[in-house]
file data11.cif (mmCIF, N, CA and C atoms)
data_my_file
loop_
_atom_site.label_atom_id
_atom_site.label_comp_id
_atom_site.auth_asym_id
_atom_site.auth_seq_id
_atom_site.Cartn_x
_atom_site.Cartn_y
_atom_site.Cartn_z
N MET A 1 41.95 -5.79 -7.44
CA MET A 1 41.15 -4.95 -8.33
C MET A 1 41.83 -4.82 -9.69
N PHE A 2 43.12 -4.55 -9.73
CA PHE A 2 43.87 -4.44 -10.97
C PHE A 2 44.82 -5.62 -11.09
N PRO A 3 45.13 -6.04 -12.32
CA PRO A 3 46.13 -7.11 -12.50
C PRO A 3 47.50 -6.65 -12.00
N LYS A 4 48.27 -7.58 -11.43
CA LYS A 4 49.59 -7.23 -10.89
C LYS A 4 50.54 -6.79 -11.97
N SER A 5 50.32 -7.22 -13.21
CA SER A 5 51.24 -6.87 -14.29
C SER A 5 51.03 -5.44 -14.81
N LEU A 6 49.96 -4.80 -14.41
CA LEU A 6 49.66 -3.43 -14.85
C LEU A 6 50.53 -2.45 -14.07
N PRO A 7 51.29 -1.57 -14.77
CA PRO A 7 52.13 -0.61 -14.06
C PRO A 7 51.30 0.30 -13.15
N ASN A 8 51.93 0.79 -12.08
CA ASN A 8 51.24 1.65 -11.11
C ASN A 8 50.67 2.90 -11.77
N ALA A 9 51.39 3.51 -12.71
CA ALA A 9 50.90 4.71 -13.38
C ALA A 9 49.58 4.44 -14.09
N CYS A 10 49.47 3.29 -14.73
CA CYS A 10 48.22 2.93 -15.42
C CYS A 10 47.09 2.71 -14.42
N LYS A 11 47.45 2.10 -13.29
CA LYS A 11 46.43 1.88 -12.26
C LYS A 11 45.85 3.20 -11.78
N TYR A 12 46.73 4.18 -11.55
CA TYR A 12 46.28 5.49 -11.09
C TYR A 12 45.44 6.19 -12.15
N LEU A 13 45.84 6.09 -13.41
CA LEU A 13 45.06 6.71 -14.49
C LEU A 13 43.68 6.08 -14.59
N LEU A 14 43.62 4.76 -14.49
CA LEU A 14 42.32 4.09 -14.54
C LEU A 14 41.44 4.50 -13.36
N LEU A 15 42.04 4.59 -12.19
CA LEU A 15 41.28 4.98 -11.00
C LEU A 15 40.77 6.41 -11.13
N ILE A 16 41.62 7.31 -11.60
CA ILE A 16 41.20 8.71 -11.80
C ILE A 16 40.09 8.79 -12.84
N GLY A 17 40.21 8.02 -13.92
CA GLY A 17 39.16 8.01 -14.94
C GLY A 17 37.84 7.50 -14.40
N PHE A 18 37.91 6.46 -13.57
CA PHE A 18 36.69 5.90 -12.97
C PHE A 18 36.02 6.91 -12.05
N VAL A 19 36.81 7.58 -11.21
CA VAL A 19 36.26 8.60 -10.31
C VAL A 19 35.66 9.75 -11.12
N GLY A 20 36.34 10.14 -12.19
CA GLY A 20 35.81 11.21 -13.05
C GLY A 20 34.49 10.82 -13.68
N LEU A 21 34.37 9.57 -14.09
CA LEU A 21 33.12 9.09 -14.68
C LEU A 21 31.98 9.16 -13.68
N ILE A 22 32.23 8.75 -12.46
CA ILE A 22 31.20 8.79 -11.41
C ILE A 22 30.79 10.23 -11.12
N GLN A 23 31.75 11.14 -11.04
CA GLN A 23 31.44 12.54 -10.77
C GLN A 23 30.67 13.16 -11.92
N SER A 24 30.97 12.78 -13.15
CA SER A 24 30.26 13.36 -14.28
C SER A 24 28.79 12.97 -14.26
N CYS A 25 28.48 11.79 -13.75
CA CYS A 25 27.08 11.38 -13.64
C CYS A 25 26.33 12.31 -12.69
N ALA A 26 26.97 12.71 -11.61
CA ALA A 26 26.33 13.63 -10.67
C ALA A 26 26.15 15.01 -11.29
N VAL A 27 27.10 15.44 -12.09
CA VAL A 27 27.02 16.75 -12.72
C VAL A 27 25.89 16.81 -13.74
N PHE A 28 25.66 15.72 -14.45
CA PHE A 28 24.67 15.72 -15.51
C PHE A 28 23.28 15.30 -15.07
N THR A 29 23.03 15.22 -13.78
CA THR A 29 21.70 14.94 -13.28
C THR A 29 20.81 16.13 -13.60
N ALA A 30 19.63 15.87 -14.13
CA ALA A 30 18.73 16.94 -14.54
C ALA A 30 18.29 17.77 -13.34
N SER A 31 18.26 19.07 -13.53
CA SER A 31 17.77 19.96 -12.49
C SER A 31 16.25 19.83 -12.38
N GLU A 32 15.71 20.32 -11.28
CA GLU A 32 14.25 20.26 -11.12
C GLU A 32 13.55 21.03 -12.23
N GLN A 33 14.15 22.11 -12.69
CA GLN A 33 13.55 22.91 -13.77
C GLN A 33 13.51 22.10 -15.06
N GLN A 34 14.54 21.33 -15.34
CA GLN A 34 14.55 20.49 -16.54
C GLN A 34 13.59 19.32 -16.39
N ARG A 35 13.46 18.81 -15.18
CA ARG A 35 12.61 17.64 -14.96
C ARG A 35 11.13 17.95 -15.09
N ILE A 36 10.73 19.18 -14.76
CA ILE A 36 9.30 19.50 -14.78
C ILE A 36 8.79 19.80 -16.19
N VAL A 37 9.68 20.22 -17.08
CA VAL A 37 9.26 20.59 -18.44
C VAL A 37 8.69 19.36 -19.15
N GLY A 38 7.49 19.54 -19.73
CA GLY A 38 6.82 18.47 -20.46
C GLY A 38 5.35 18.39 -20.10
N ASN A 39 4.73 17.31 -20.48
CA ASN A 39 3.30 17.09 -20.24
C ASN A 39 3.11 16.08 -19.13
N TRP A 40 2.23 16.41 -18.20
CA TRP A 40 1.96 15.57 -17.03
C TRP A 40 0.46 15.32 -16.93
N THR A 41 0.09 14.19 -16.36
CA THR A 41 -1.32 13.88 -16.17
C THR A 41 -1.58 13.41 -14.74
N SER A 42 -2.78 13.68 -14.27
CA SER A 42 -3.22 13.26 -12.95
C SER A 42 -4.74 13.19 -12.98
N THR A 43 -5.33 12.85 -11.84
CA THR A 43 -6.78 12.90 -11.73
C THR A 43 -7.14 13.80 -10.56
N VAL A 44 -8.18 14.59 -10.76
CA VAL A 44 -8.69 15.48 -9.72
C VAL A 44 -10.19 15.23 -9.64
N GLY A 45 -10.64 14.78 -8.49
CA GLY A 45 -12.06 14.48 -8.32
C GLY A 45 -12.56 13.41 -9.28
N GLY A 46 -11.68 12.48 -9.66
CA GLY A 46 -12.06 11.42 -10.58
C GLY A 46 -11.95 11.79 -12.05
N PHE A 47 -11.58 13.02 -12.35
CA PHE A 47 -11.45 13.46 -13.74
C PHE A 47 -9.98 13.62 -14.11
N PRO A 48 -9.62 13.19 -15.33
CA PRO A 48 -8.23 13.34 -15.75
C PRO A 48 -7.88 14.80 -16.01
N VAL A 49 -6.67 15.18 -15.63
CA VAL A 49 -6.18 16.54 -15.82
C VAL A 49 -4.82 16.44 -16.49
N ARG A 50 -4.61 17.29 -17.48
CA ARG A 50 -3.32 17.35 -18.18
C ARG A 50 -2.72 18.73 -17.97
N ILE A 51 -1.46 18.75 -17.51
CA ILE A 51 -0.76 20.01 -17.31
C ILE A 51 0.51 19.99 -18.15
N SER A 52 0.71 21.03 -18.93
CA SER A 52 1.91 21.17 -19.75
C SER A 52 2.78 22.25 -19.14
N TYR A 53 4.05 21.90 -18.86
CA TYR A 53 5.01 22.85 -18.29
C TYR A 53 6.05 23.22 -19.35
N SER A 54 6.25 24.51 -19.55
CA SER A 54 7.40 24.98 -20.31
C SER A 54 8.42 25.40 -19.26
N GLU A 55 9.46 26.10 -19.67
CA GLU A 55 10.45 26.53 -18.69
C GLU A 55 9.95 27.66 -17.79
N SER A 56 8.87 28.35 -18.20
CA SER A 56 8.39 29.47 -17.38
C SER A 56 6.88 29.55 -17.23
N THR A 57 6.14 28.72 -17.97
CA THR A 57 4.68 28.75 -17.85
C THR A 57 4.13 27.33 -17.72
N LEU A 58 2.92 27.27 -17.18
CA LEU A 58 2.19 26.01 -17.15
C LEU A 58 0.82 26.25 -17.74
N GLN A 59 0.27 25.19 -18.32
CA GLN A 59 -1.04 25.29 -18.94
C GLN A 59 -1.85 24.07 -18.56
N ILE A 60 -3.01 24.31 -17.96
CA ILE A 60 -3.90 23.23 -17.55
C ILE A 60 -4.97 23.06 -18.61
N GLY A 61 -4.96 21.89 -19.25
CA GLY A 61 -5.93 21.61 -20.30
C GLY A 61 -5.88 22.65 -21.40
N ASP A 62 -7.06 23.19 -21.76
CA ASP A 62 -7.15 24.19 -22.83
C ASP A 62 -7.06 25.62 -22.30
N ASN A 63 -6.88 25.80 -21.01
CA ASN A 63 -6.77 27.15 -20.43
C ASN A 63 -5.49 27.81 -20.90
N GLY A 64 -5.45 29.12 -20.75
CA GLY A 64 -4.26 29.88 -21.15
C GLY A 64 -3.08 29.60 -20.23
N PRO A 65 -1.86 29.82 -20.73
CA PRO A 65 -0.68 29.59 -19.91
C PRO A 65 -0.57 30.59 -18.76
N VAL A 66 -0.01 30.14 -17.65
CA VAL A 66 0.18 30.94 -16.45
C VAL A 66 1.65 30.81 -16.08
N SER A 67 2.27 31.90 -15.66
CA SER A 67 3.68 31.84 -15.30
C SER A 67 3.86 31.17 -13.94
N TYR A 68 5.02 30.53 -13.79
CA TYR A 68 5.35 29.90 -12.52
C TYR A 68 6.85 30.02 -12.28
N VAL A 69 7.25 29.80 -11.03
CA VAL A 69 8.65 29.75 -10.64
C VAL A 69 8.86 28.48 -9.84
N LEU A 70 9.90 27.73 -10.15
CA LEU A 70 10.26 26.54 -9.39
C LEU A 70 11.65 26.79 -8.81
N ASN A 71 11.70 26.92 -7.48
CA ASN A 71 12.95 27.26 -6.82
C ASN A 71 13.11 26.41 -5.57
N ASP A 72 14.17 25.63 -5.51
CA ASP A 72 14.46 24.77 -4.36
C ASP A 72 13.27 23.89 -3.98
N GLY A 73 12.62 23.31 -4.98
CA GLY A 73 11.52 22.39 -4.72
C GLY A 73 10.19 23.06 -4.42
N ARG A 74 10.13 24.37 -4.51
CA ARG A 74 8.88 25.09 -4.25
C ARG A 74 8.36 25.68 -5.56
N LEU A 75 7.17 25.26 -5.95
CA LEU A 75 6.51 25.73 -7.15
C LEU A 75 5.52 26.82 -6.77
N THR A 76 5.74 28.02 -7.31
CA THR A 76 4.85 29.14 -7.03
C THR A 76 4.24 29.59 -8.36
N VAL A 77 2.91 29.64 -8.40
CA VAL A 77 2.18 29.99 -9.61
C VAL A 77 1.82 31.47 -9.58
N SER A 78 2.19 32.19 -10.62
CA SER A 78 1.85 33.60 -10.80
C SER A 78 2.13 34.47 -9.58
N ASP A 79 3.29 34.28 -8.97
CA ASP A 79 3.72 35.09 -7.82
C ASP A 79 2.70 35.07 -6.68
N ASP A 80 1.94 33.99 -6.54
CA ASP A 80 0.93 33.88 -5.50
C ASP A 80 1.38 32.81 -4.50
N ALA A 81 1.88 33.24 -3.36
CA ALA A 81 2.39 32.30 -2.36
C ALA A 81 1.31 31.32 -1.91
N ALA A 82 0.03 31.70 -1.99
CA ALA A 82 -1.06 30.81 -1.61
C ALA A 82 -1.16 29.64 -2.58
N GLN A 83 -0.63 29.80 -3.80
CA GLN A 83 -0.65 28.73 -4.79
C GLN A 83 0.64 27.92 -4.78
N SER A 84 1.41 28.00 -3.73
CA SER A 84 2.70 27.34 -3.63
C SER A 84 2.54 25.85 -3.37
N ARG A 85 3.40 25.03 -3.99
CA ARG A 85 3.43 23.59 -3.79
C ARG A 85 4.88 23.15 -3.60
N ILE A 86 5.07 22.11 -2.81
CA ILE A 86 6.37 21.48 -2.67
C ILE A 86 6.42 20.36 -3.71
N VAL A 87 7.43 20.40 -4.58
CA VAL A 87 7.52 19.46 -5.69
C VAL A 87 8.68 18.49 -5.47
N SER A 88 8.42 17.22 -5.73
CA SER A 88 9.49 16.22 -5.69
C SER A 88 9.31 15.28 -6.88
N PHE A 89 10.41 14.65 -7.25
CA PHE A 89 10.42 13.74 -8.39
C PHE A 89 10.98 12.39 -7.93
N PRO A 90 10.11 11.49 -7.42
CA PRO A 90 10.58 10.19 -6.96
C PRO A 90 11.23 9.37 -8.08
N THR A 91 10.70 9.50 -9.29
CA THR A 91 11.28 8.83 -10.46
C THR A 91 11.27 9.82 -11.61
N ARG A 92 11.85 9.39 -12.72
CA ARG A 92 11.95 10.25 -13.90
C ARG A 92 10.56 10.63 -14.44
N ASN A 93 9.60 9.73 -14.29
CA ASN A 93 8.27 9.94 -14.86
C ASN A 93 7.19 10.16 -13.81
N GLU A 94 7.60 10.50 -12.61
CA GLU A 94 6.64 10.71 -11.53
C GLU A 94 6.96 12.02 -10.81
N MET A 95 5.94 12.81 -10.55
CA MET A 95 6.08 14.06 -9.81
C MET A 95 5.03 14.08 -8.72
N ILE A 96 5.43 14.50 -7.55
CA ILE A 96 4.50 14.66 -6.43
C ILE A 96 4.48 16.14 -6.07
N GLN A 97 3.28 16.69 -5.96
CA GLN A 97 3.11 18.07 -5.50
C GLN A 97 2.36 18.03 -4.17
N LEU A 98 2.95 18.66 -3.18
CA LEU A 98 2.38 18.70 -1.84
C LEU A 98 1.92 20.11 -1.54
N ASP A 99 0.66 20.25 -1.12
CA ASP A 99 0.14 21.54 -0.67
C ASP A 99 0.55 21.69 0.78
N PRO A 100 1.46 22.63 1.09
CA PRO A 100 1.94 22.75 2.47
C PRO A 100 0.86 23.22 3.46
N LEU A 101 -0.19 23.85 2.97
CA LEU A 101 -1.25 24.32 3.87
C LEU A 101 -2.18 23.20 4.30
N THR A 102 -2.52 22.30 3.36
CA THR A 102 -3.49 21.24 3.66
C THR A 102 -2.83 19.88 3.86
N GLY A 103 -1.57 19.73 3.41
CA GLY A 103 -0.90 18.44 3.49
C GLY A 103 -1.35 17.47 2.42
N THR A 104 -2.11 17.95 1.44
CA THR A 104 -2.63 17.11 0.37
C THR A 104 -1.55 16.89 -0.69
N GLU A 105 -1.37 15.61 -1.06
CA GLU A 105 -0.42 15.26 -2.12
C GLU A 105 -1.17 14.97 -3.41
N GLN A 106 -0.59 15.41 -4.51
CA GLN A 106 -1.13 15.13 -5.84
C GLN A 106 -0.02 14.47 -6.65
N ALA A 107 -0.28 13.26 -7.15
CA ALA A 107 0.71 12.53 -7.95
C ALA A 107 0.45 12.76 -9.43
N PHE A 108 1.53 12.97 -10.17
CA PHE A 108 1.46 13.20 -11.62
C PHE A 108 2.34 12.19 -12.33
N SER A 109 1.92 11.78 -13.51
CA SER A 109 2.71 10.90 -14.37
C SER A 109 3.07 11.65 -15.63
N LYS A 110 4.32 11.53 -16.05
CA LYS A 110 4.78 12.22 -17.24
C LYS A 110 4.27 11.48 -18.47
N ILE A 111 3.80 12.25 -19.45
CA ILE A 111 3.34 11.70 -20.71
C ILE A 111 4.52 11.75 -21.68
N GLU A 112 4.96 10.61 -22.14
CA GLU A 112 6.11 10.55 -23.04
C GLU A 112 5.70 10.76 -24.46
#
call {"tool": "encode", "arguments": {"input": "data11.cif", "output": "structure tokens"}}
result
Amino acid sequence: MFPKSLPNACKYLLLIGFVGLIQSCAVFTASEQQRIVGNWTSTVGGFPVRISYSESTLQIGDNGPVSYVLNDGRLTVSDDAAQSRIVSFPTRNEMIQLDPLTGTEQAFSKIE
């Protein structure tokens, strides 16, 4: 892995630096709250729907903003447990919301 002419101290420093770099990538992974912020699009009943998420509200189309909480993958709208969804982010630009009552999944694409 390292050249034989490299002193042991340098090898250890390089190894520690490499491990630190890998750990920093894990630390800087965006939280679910950071990942949801932005504009998302999907289709409902064949019609396009646009939802804009801020850090504390969501807005569907031209409707007024509604507060939400996203905690441990569970999205709750306006403190209404019946409006709860399980949220996952398979990719940076894809969000899946699962209705735990019906098992229905809704896929969203992030608008850049």
call {"tool": "residues_around", "arguments": {"input": "data11.cif", "residues": "segment 35-49 of chain A", "least_positions_apart": "5", "cutoff": "6 Å", "atoms": "only N, CA and C atoms", "output": "JSON, numbers by chain"}}
result
{"A": [30, 54, 55, 107, 108, 109, 110, 111]}
call {"tool": "atom_distance", "arguments": {"input": "data11.cif", "atom1": "atom CA of Arg74 of chain A", "atom2": "atom CA of Ile60 of chain A"}}
result
18.5 Å
call {"tool": "residues_around", "arguments": {"input": "data11.cif", "residues": "Leu98 of chain A", "least_positions_apart": "6", "cutoff": "6.5 Å", "atoms": "all atoms listed in the file", "output": "count of residues only"}}
result
8
call {"tool": "residues_around", "arguments": {"input": "data11.cif", "residues": "segment 66-68 of chain A", "least_positions_apart": "5", "cutoff": "6 Å", "atoms": "only N, CA and C atoms", "output": "ChimeraX atom specification"}}
result
/A:56-59,76-79
call {"tool": "axis_aligned_box", "arguments": {"input": "data11.cif", "around": "segment 66-76 of chain A", "padding_each_side": "4 Å", "output": "JSON"}}
result
{"center_x": 7.2, "center_y": 27.1, "center_z": -10.8, "size_x": 22.5, "size_y": 17.5, "size_z": 21.7}
call {"tool": "atom_distance", "arguments": {"input": "data11.cif", "atom1": "atom CA of Phe89 of chain A", "atom2": "atom CA of Asp72 of chain A"}}
result
12.4 Å
call {"tool": "atom_distance", "arguments": {"input": "data11.cif", "atom1": "atom N of Gly64 of chain A", "atom2": "atom N of Arg92 of chain A"}}
result
27.4 Å
call {"tool": "select_by_dssp", "arguments": {"input": "data11.cif", "residues": "segment 34-92 of chain A", "states": "strand (DSSP E)", "output": "VMD selection string"}}
result
chain A and resid 38 to 44 47 to 53 57 to 60 66 to 71 74 to 77 80 to 91
call {"tool": "decode", "arguments": {"input": "data11.cif", "residues": "segment 32-47 of chain A", "atoms": "N, CA and C atoms", "output": "PDB file, in the first residue's frame"}}
result
ATOM      1  N   GLU A  32     -32.235  14.414   6.929  1.00  0.00           N
ATOM      2  CA  GLU A  32     -33.516  14.327   6.211  1.00  0.00           C
ATOM      3  C   GLU A  32     -34.176  15.695   6.138  1.00  0.00           C
ATOM      4  N   GLN A  33     -34.007  16.520   7.160  1.00  0.00           N
ATOM      5  CA  GLN A  33     -34.602  17.857   7.158  1.00  0.00           C
ATOM      6  C   GLN A  33     -33.973  18.716   6.065  1.00  0.00           C
ATOM      7  N   GLN A  34     -32.681  18.602   5.868  1.00  0.00           N
ATOM      8  CA  GLN A  34     -32.013  19.357   4.809  1.00  0.00           C
ATOM      9  C   GLN A  34     -32.380  18.814   3.434  1.00  0.00           C
ATOM     10  N   ARG A  35     -32.566  17.511   3.344  1.00  0.00           N
ATOM     11  CA  ARG A  35     -32.854  16.894   2.050  1.00  0.00           C
ATOM     12  C   ARG A  35     -34.244  17.228   1.537  1.00  0.00           C
ATOM     13  N   ILE A  36     -35.197  17.445   2.435  1.00  0.00           N
ATOM     14  CA  ILE A  36     -36.576  17.677   1.980  1.00  0.00           C
ATOM     15  C   ILE A  36     -36.801  19.118   1.524  1.00  0.00           C
ATOM     16  N   VAL A  37     -35.991  20.046   2.011  1.00  0.00           N
ATOM     17  CA  VAL A  37     -36.176  21.458   1.664  1.00  0.00           C
ATOM     18  C   VAL A  37     -35.965  21.656   0.165  1.00  0.00           C
ATOM     19  N   GLY A  38     -36.942  22.331  -0.471  1.00  0.00           N
ATOM     20  CA  GLY A  38     -36.875  22.608  -1.905  1.00  0.00           C
ATOM     21  C   GLY A  38     -38.210  22.334  -2.572  1.00  0.00           C
ATOM     22  N   ASN A  39     -38.188  22.288  -3.879  1.00  0.00           N
ATOM     23  CA  ASN A  39     -39.395  22.070  -4.677  1.00  0.00           C
ATOM     24  C   ASN A  39     -39.395  20.663  -5.238  1.00  0.00           C
ATOM     25  N   TRP A  40     -40.537  19.998  -5.105  1.00  0.00           N
ATOM     26  CA  TRP A  40     -40.698  18.614  -5.536  1.00  0.00           C
ATOM     27  C   TRP A  40     -41.914  18.513  -6.442  1.00  0.00           C
ATOM     28  N   THR A  41     -41.892  17.557  -7.362  1.00  0.00           N
ATOM     29  CA  THR A  41     -43.028  17.351  -8.251  1.00  0.00           C
ATOM     30  C   THR A  41     -43.399  15.866  -8.294  1.00  0.00           C
ATOM     31  N   SER A  42     -44.675  15.624  -8.516  1.00  0.00           N
ATOM     32  CA  SER A  42     -45.206  14.272  -8.650  1.00  0.00           C
ATOM     33  C   SER A  42     -46.484  14.365  -9.460  1.00  0.00           C
ATOM     34  N   THR A  43     -47.140  13.223  -9.658  1.00  0.00           N
ATOM     35  CA  THR A  43     -48.450  13.232 -10.296  1.00  0.00           C
ATOM     36  C   THR A  43     -49.439  12.549  -9.370  1.00  0.00           C
ATOM     37  N   VAL A  44     -50.625  13.116  -9.309  1.00  0.00           N
ATOM     38  CA  VAL A  44     -51.712  12.552  -8.513  1.00  0.00           C
ATOM     39  C   VAL A  44     -52.926  12.470  -9.424  1.00  0.00           C
ATOM     40  N   GLY A  45     -53.404  11.264  -9.640  1.00  0.00           N
ATOM     41  CA  GLY A  45     -54.551  11.073 -10.531  1.00  0.00           C
ATOM     42  C   GLY A  45     -54.283  11.556 -11.946  1.00  0.00           C
ATOM     43  N   GLY A  46     -53.028  11.482 -12.386  1.00  0.00           N
ATOM     44  CA  GLY A  46     -52.671  11.916 -13.727  1.00  0.00           C
ATOM     45  C   GLY A  46     -52.374  13.397 -13.852  1.00  0.00           C
ATOM     46  N   PHE A  47     -52.506  14.146 -12.772  1.00  0.00           N
ATOM     47  CA  PHE A  47     -52.245  15.582 -12.794  1.00  0.00           C
ATOM     48  C   PHE A  47     -50.944  15.898 -12.064  1.00  0.00           C
TER      49      PHE A  47
END
